[in-house]
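Enquirer: protein37.cif is reproduced in full below (mmCIF, C-alpha atoms and all ligand atoms).
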```cif
data_structure
loop_
_atom_site.label_atom_id
_atom_site.label_comp_id
_atom_site.auth_asym_id
_atom_site.auth_seq_id
_atom_site.Cartn_x
_atom_site.Cartn_y
_atom_site.Cartn_z
CA MET B 17 0.00 0.00 0.00
CA ALA B 18 1.12 3.53 -0.62
CA ILE B 19 -0.11 7.02 -0.01
CA ARG B 20 -0.71 8.72 -3.35
CA ASN B 21 -0.51 12.40 -4.12
CA ILE B 22 -3.92 14.13 -3.92
CA ARG B 23 -4.44 16.37 -6.94
CA GLN B 24 -5.40 19.90 -6.03
CA TYR B 25 -7.94 22.33 -7.49
CA GLY B 26 -6.61 23.73 -10.74
CA ASP B 27 -5.27 20.35 -11.88
CA GLU B 28 -7.03 19.53 -15.17
CA VAL B 29 -7.48 15.88 -14.24
CA LEU B 30 -10.18 16.88 -11.72
CA ARG B 31 -12.34 18.21 -14.57
CA LYS B 32 -12.14 15.13 -16.80
CA LYS B 33 -14.68 12.34 -17.15
CA SER B 34 -13.49 9.01 -15.82
CA LYS B 35 -13.73 5.76 -17.78
CA LYS B 36 -15.72 2.72 -16.82
CA VAL B 37 -13.68 -0.12 -15.29
CA THR B 38 -13.85 -3.33 -17.30
CA VAL B 39 -10.90 -5.26 -15.86
CA PHE B 40 -11.08 -6.41 -12.24
CA ASP B 41 -7.48 -7.35 -11.54
CA GLU B 42 -4.71 -6.97 -8.96
CA LYS B 43 -3.92 -3.50 -10.27
CA LEU B 44 -7.46 -2.39 -9.41
CA LYS B 45 -7.13 -3.88 -5.91
CA GLN B 46 -3.83 -2.03 -5.47
CA LEU B 47 -5.49 1.23 -6.54
CA LEU B 48 -8.33 0.66 -4.04
CA ALA B 49 -5.88 -0.10 -1.22
CA ASP B 50 -3.83 3.00 -2.00
CA MET B 51 -6.94 5.17 -2.23
CA ALA B 52 -8.19 3.95 1.17
CA GLU B 53 -4.79 4.62 2.73
CA THR B 54 -4.56 8.06 1.10
CA MET B 55 -8.09 8.98 2.25
CA ARG B 56 -7.40 7.91 5.85
CA HIS B 57 -4.03 9.66 5.95
CA ALA B 58 -5.77 12.89 4.87
CA ASN B 59 -8.64 12.35 7.37
CA GLY B 60 -11.19 12.32 4.55
CA VAL B 61 -14.51 10.48 4.38
CA GLY B 62 -14.23 9.77 0.66
CA LEU B 63 -11.90 9.77 -2.31
CA ALA B 64 -12.41 9.31 -6.04
CA ALA B 65 -9.75 7.92 -8.39
CA PRO B 66 -9.35 11.15 -10.43
CA GLN B 67 -8.21 12.80 -7.19
CA VAL B 68 -5.12 10.61 -7.36
CA GLY B 69 -4.77 11.20 -11.10
CA ILE B 70 -6.46 7.99 -12.29
CA LEU B 71 -9.40 8.54 -14.66
CA LYS B 72 -11.31 5.40 -13.69
CA ARG B 73 -14.77 5.11 -12.14
CA VAL B 74 -13.58 4.03 -8.70
CA ILE B 75 -14.48 5.54 -5.31
CA VAL B 76 -13.79 4.76 -1.67
CA ILE B 77 -15.84 6.04 1.27
CA ASP B 78 -15.61 5.67 5.03
CA VAL B 79 -18.04 7.74 7.06
CA GLY B 80 -17.13 5.82 10.21
CA GLU B 81 -19.09 2.67 9.38
CA GLY B 82 -16.29 0.81 7.60
CA LEU B 83 -14.69 1.02 4.20
CA ILE B 84 -16.90 1.05 1.09
CA GLU B 85 -15.21 0.38 -2.26
CA LEU B 86 -17.33 0.98 -5.36
CA ILE B 87 -16.51 0.48 -9.01
CA ASN B 88 -18.64 2.06 -11.76
CA PRO B 89 -21.13 3.51 -9.23
CA GLU B 90 -24.41 4.98 -10.47
CA ILE B 91 -27.18 6.65 -8.51
CA ILE B 92 -30.38 4.79 -9.32
CA SER B 93 -32.74 6.63 -7.01
CA LYS B 94 -32.76 9.61 -4.69
CA GLU B 95 -35.14 11.04 -2.11
CA GLY B 96 -35.41 14.33 -0.26
CA GLU B 97 -32.93 17.16 -0.01
CA VAL B 98 -30.56 18.31 2.73
CA VAL B 99 -28.34 21.40 2.61
CA GLU B 100 -25.16 20.89 4.61
CA ILE B 101 -21.58 22.10 4.67
CA GLU B 102 -19.08 20.00 2.76
CA GLY B 103 -15.50 20.16 1.66
CA CYS B 104 -13.09 18.25 -0.55
CA LEU B 105 -9.54 16.96 -0.09
CA SER B 106 -8.71 18.51 -3.48
CA ILE B 107 -9.92 21.96 -2.43
CA PRO B 108 -8.37 22.65 0.98
CA GLY B 109 -9.44 25.75 2.90
CA ILE B 110 -12.82 25.98 1.15
CA THR B 111 -16.18 24.68 2.31
CA GLY B 112 -19.63 25.24 0.92
CA GLU B 113 -23.33 24.70 1.55
CA VAL B 114 -24.41 22.05 -0.91
CA PRO B 115 -27.88 20.61 -1.42
CA ARG B 116 -27.78 16.81 -1.71
CA PRO B 117 -30.43 14.08 -1.58
CA GLN B 118 -31.22 12.86 1.94
CA LYS B 119 -31.21 9.28 0.69
CA VAL B 120 -29.72 7.60 -2.37
CA ARG B 121 -29.58 4.13 -3.77
CA VAL B 122 -26.42 3.29 -5.73
CA ARG B 123 -25.73 0.41 -8.07
CA ALA B 124 -22.06 -0.45 -8.53
CA GLN B 125 -19.62 -3.30 -8.79
CA ASN B 126 -17.44 -4.62 -5.99
CA PRO B 127 -13.67 -5.21 -6.45
CA GLU B 128 -14.48 -8.68 -7.84
CA GLY B 129 -16.76 -7.23 -10.51
CA GLU B 130 -20.01 -8.44 -8.93
CA PHE B 131 -22.98 -6.09 -9.02
CA VAL B 132 -24.03 -4.64 -5.68
CA GLU B 133 -26.55 -2.09 -4.48
CA ILE B 134 -26.14 0.11 -1.46
CA GLU B 135 -28.38 2.64 0.17
CA GLY B 136 -27.07 5.68 2.02
CA GLU B 137 -28.70 8.39 4.09
CA ASP B 138 -27.47 11.78 5.28
CA LEU B 139 -23.63 11.85 5.43
CA LEU B 140 -23.28 8.61 3.45
CA ALA B 141 -25.72 9.87 0.80
CA ARG B 142 -23.73 13.12 0.62
CA ALA B 143 -20.41 11.29 0.31
CA LEU B 144 -21.76 8.99 -2.42
CA CYS B 145 -23.05 11.95 -4.45
CA HIS B 146 -19.84 13.96 -3.93
CA GLU B 147 -17.54 11.12 -4.99
CA ILE B 148 -19.68 10.05 -7.95
CA ASP B 149 -19.66 13.69 -9.14
CA HIS B 150 -15.85 13.55 -9.17
CA LEU B 151 -16.07 10.78 -11.79
CA ASP B 152 -17.74 13.27 -14.13
CA GLY B 153 -15.39 16.15 -13.36
CA ILE B 154 -17.92 17.87 -11.10
CA LEU B 155 -16.72 19.53 -7.89
CA PHE B 156 -18.82 20.55 -4.87
CA ILE B 157 -18.10 24.23 -5.56
CA ASP B 158 -20.10 23.85 -8.81
CA LYS B 159 -23.21 23.00 -6.78
CA ALA B 160 -22.63 25.07 -3.62
CA LYS B 161 -25.20 27.72 -2.72
CA ARG B 162 -22.67 29.54 -0.55
CA ILE B 163 -18.89 29.20 -0.38
CA PHE B 164 -16.80 29.82 2.72
CA GLU B 165 -13.11 30.49 2.73
CA GLU B 166 -11.20 29.68 5.87
CA ASP B 167 -9.31 32.76 6.93
CA SER B 168 -7.10 30.93 9.39
CA LYS B 169 -5.31 27.63 9.55
CA GLU B 170 -7.68 26.47 12.27
CA GLY B 171 -9.72 23.33 11.52
CO CO X 201 -13.96 15.69 -3.25
#
```
Please lay out the structure from this file as structure tokens.
Expert:
Amino acid sequence: MAIRNIRQYGDEVLRKKSKKVTVFDEKLKQLLADMAETMRHANGVGLAAPQVGILKRVIVIDVGEGLIELINPEIISKEGEVVEIEGCLSIPGITGEVPRPQKVRVRAQNPEGEFVEIEGEDLLARALCHEIDHLDGILFIDKAKRIFEEDSKEG
């Protein structure tokens, strides 16, 4: 496992559309392991492959309920709306109020290529939407109603 470099806002790779994964091999498992390690090292709750410079539809999430690894994730249904503050490991020092569904259902593949469905509410729903957006080059600042800039190093 290795910590990978997190691409920062301004890096073109963050604006590109990621490609569907078709090969479920050791290289994919290595990417997933590195992404989980990188996310934890940065104290994040989610990370998408383009954030480490890999344009593949791969995300990892851990909102405190264990690691979730999703390949080719797609939102298949959503319910409600919640406006909350969120941030992004690729955009340090900036947070924003972003409306997201309260509940989402996501269809994806697991690291073995098997189809899975997961349901997330509140923070997990938010993380799923945020990370899936990354796969299409969309950043939370594109959807934020209000943006806040941290004026100190605190927090
Ligand atoms: Co992000």
Enquirer: Can you list, as a PyMOL selection string, every protein, DNA or RNA residue that comes within 12 Å of range 20-26 of chain B when you count only C-alpha atoms, leaving out same-chain residues fewer than 2 positions away?
Expert: chain B and resi 17-18+28-32+46-58+60+63-70+104-110+150+153-157
Enquirer: Go through B:Val61, B:Ala141, B:Val132, B:Leu83 and flag the residue nearest ligand CO 201 (chain X), using only C-alpha atoms and all ligand atoms for the distances.
Expert: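 Result for the nearest residue to ligand CO 201 (chain X): B:Val61.
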Enquirer: Can you tell me how far CA of Glu128 in chain B sits from CA of Asp41 in chain B, in Å to one decimal?
Expert: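 Between CA of Glu128 in chain B and CA of Asp41 in chain B the gap is 8.0 Å.
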Enquirer: Given the choices B:Val122, B:Leu86, B:Leu139, B:Leu151, which gets closest to Val99 in chain B if the distance is worked out from all atoms listed in the file?
Expert: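 Smallest distance to Val99 in chain B is found for B:Leu139.
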Enquirer: Please report the interatomic distance between CA of Gly112 in chain B and CA of Glu135 in chain B in Å with one decimal.
Expert: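 Result for CA of Gly112 in chain B versus CA of Glu135 in chain B: 24.2 Å, one decimal.
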Enquirer: Which residues come within 10 Å of Pro89 in chain B, counting only C-alpha atoms, excluding same-chain residues fewer than 6 positions away, as a list in words?
Expert: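 Residues meeting the cut-off are Lys36, Arg73, Val74, Ile75, Val122, Arg123, Ala124, Gln125, Asn126, Phe131, Val132, Glu133, Ile134, Leu144, Cys145, Glu147, Ile148 and Leu151 of chain B.
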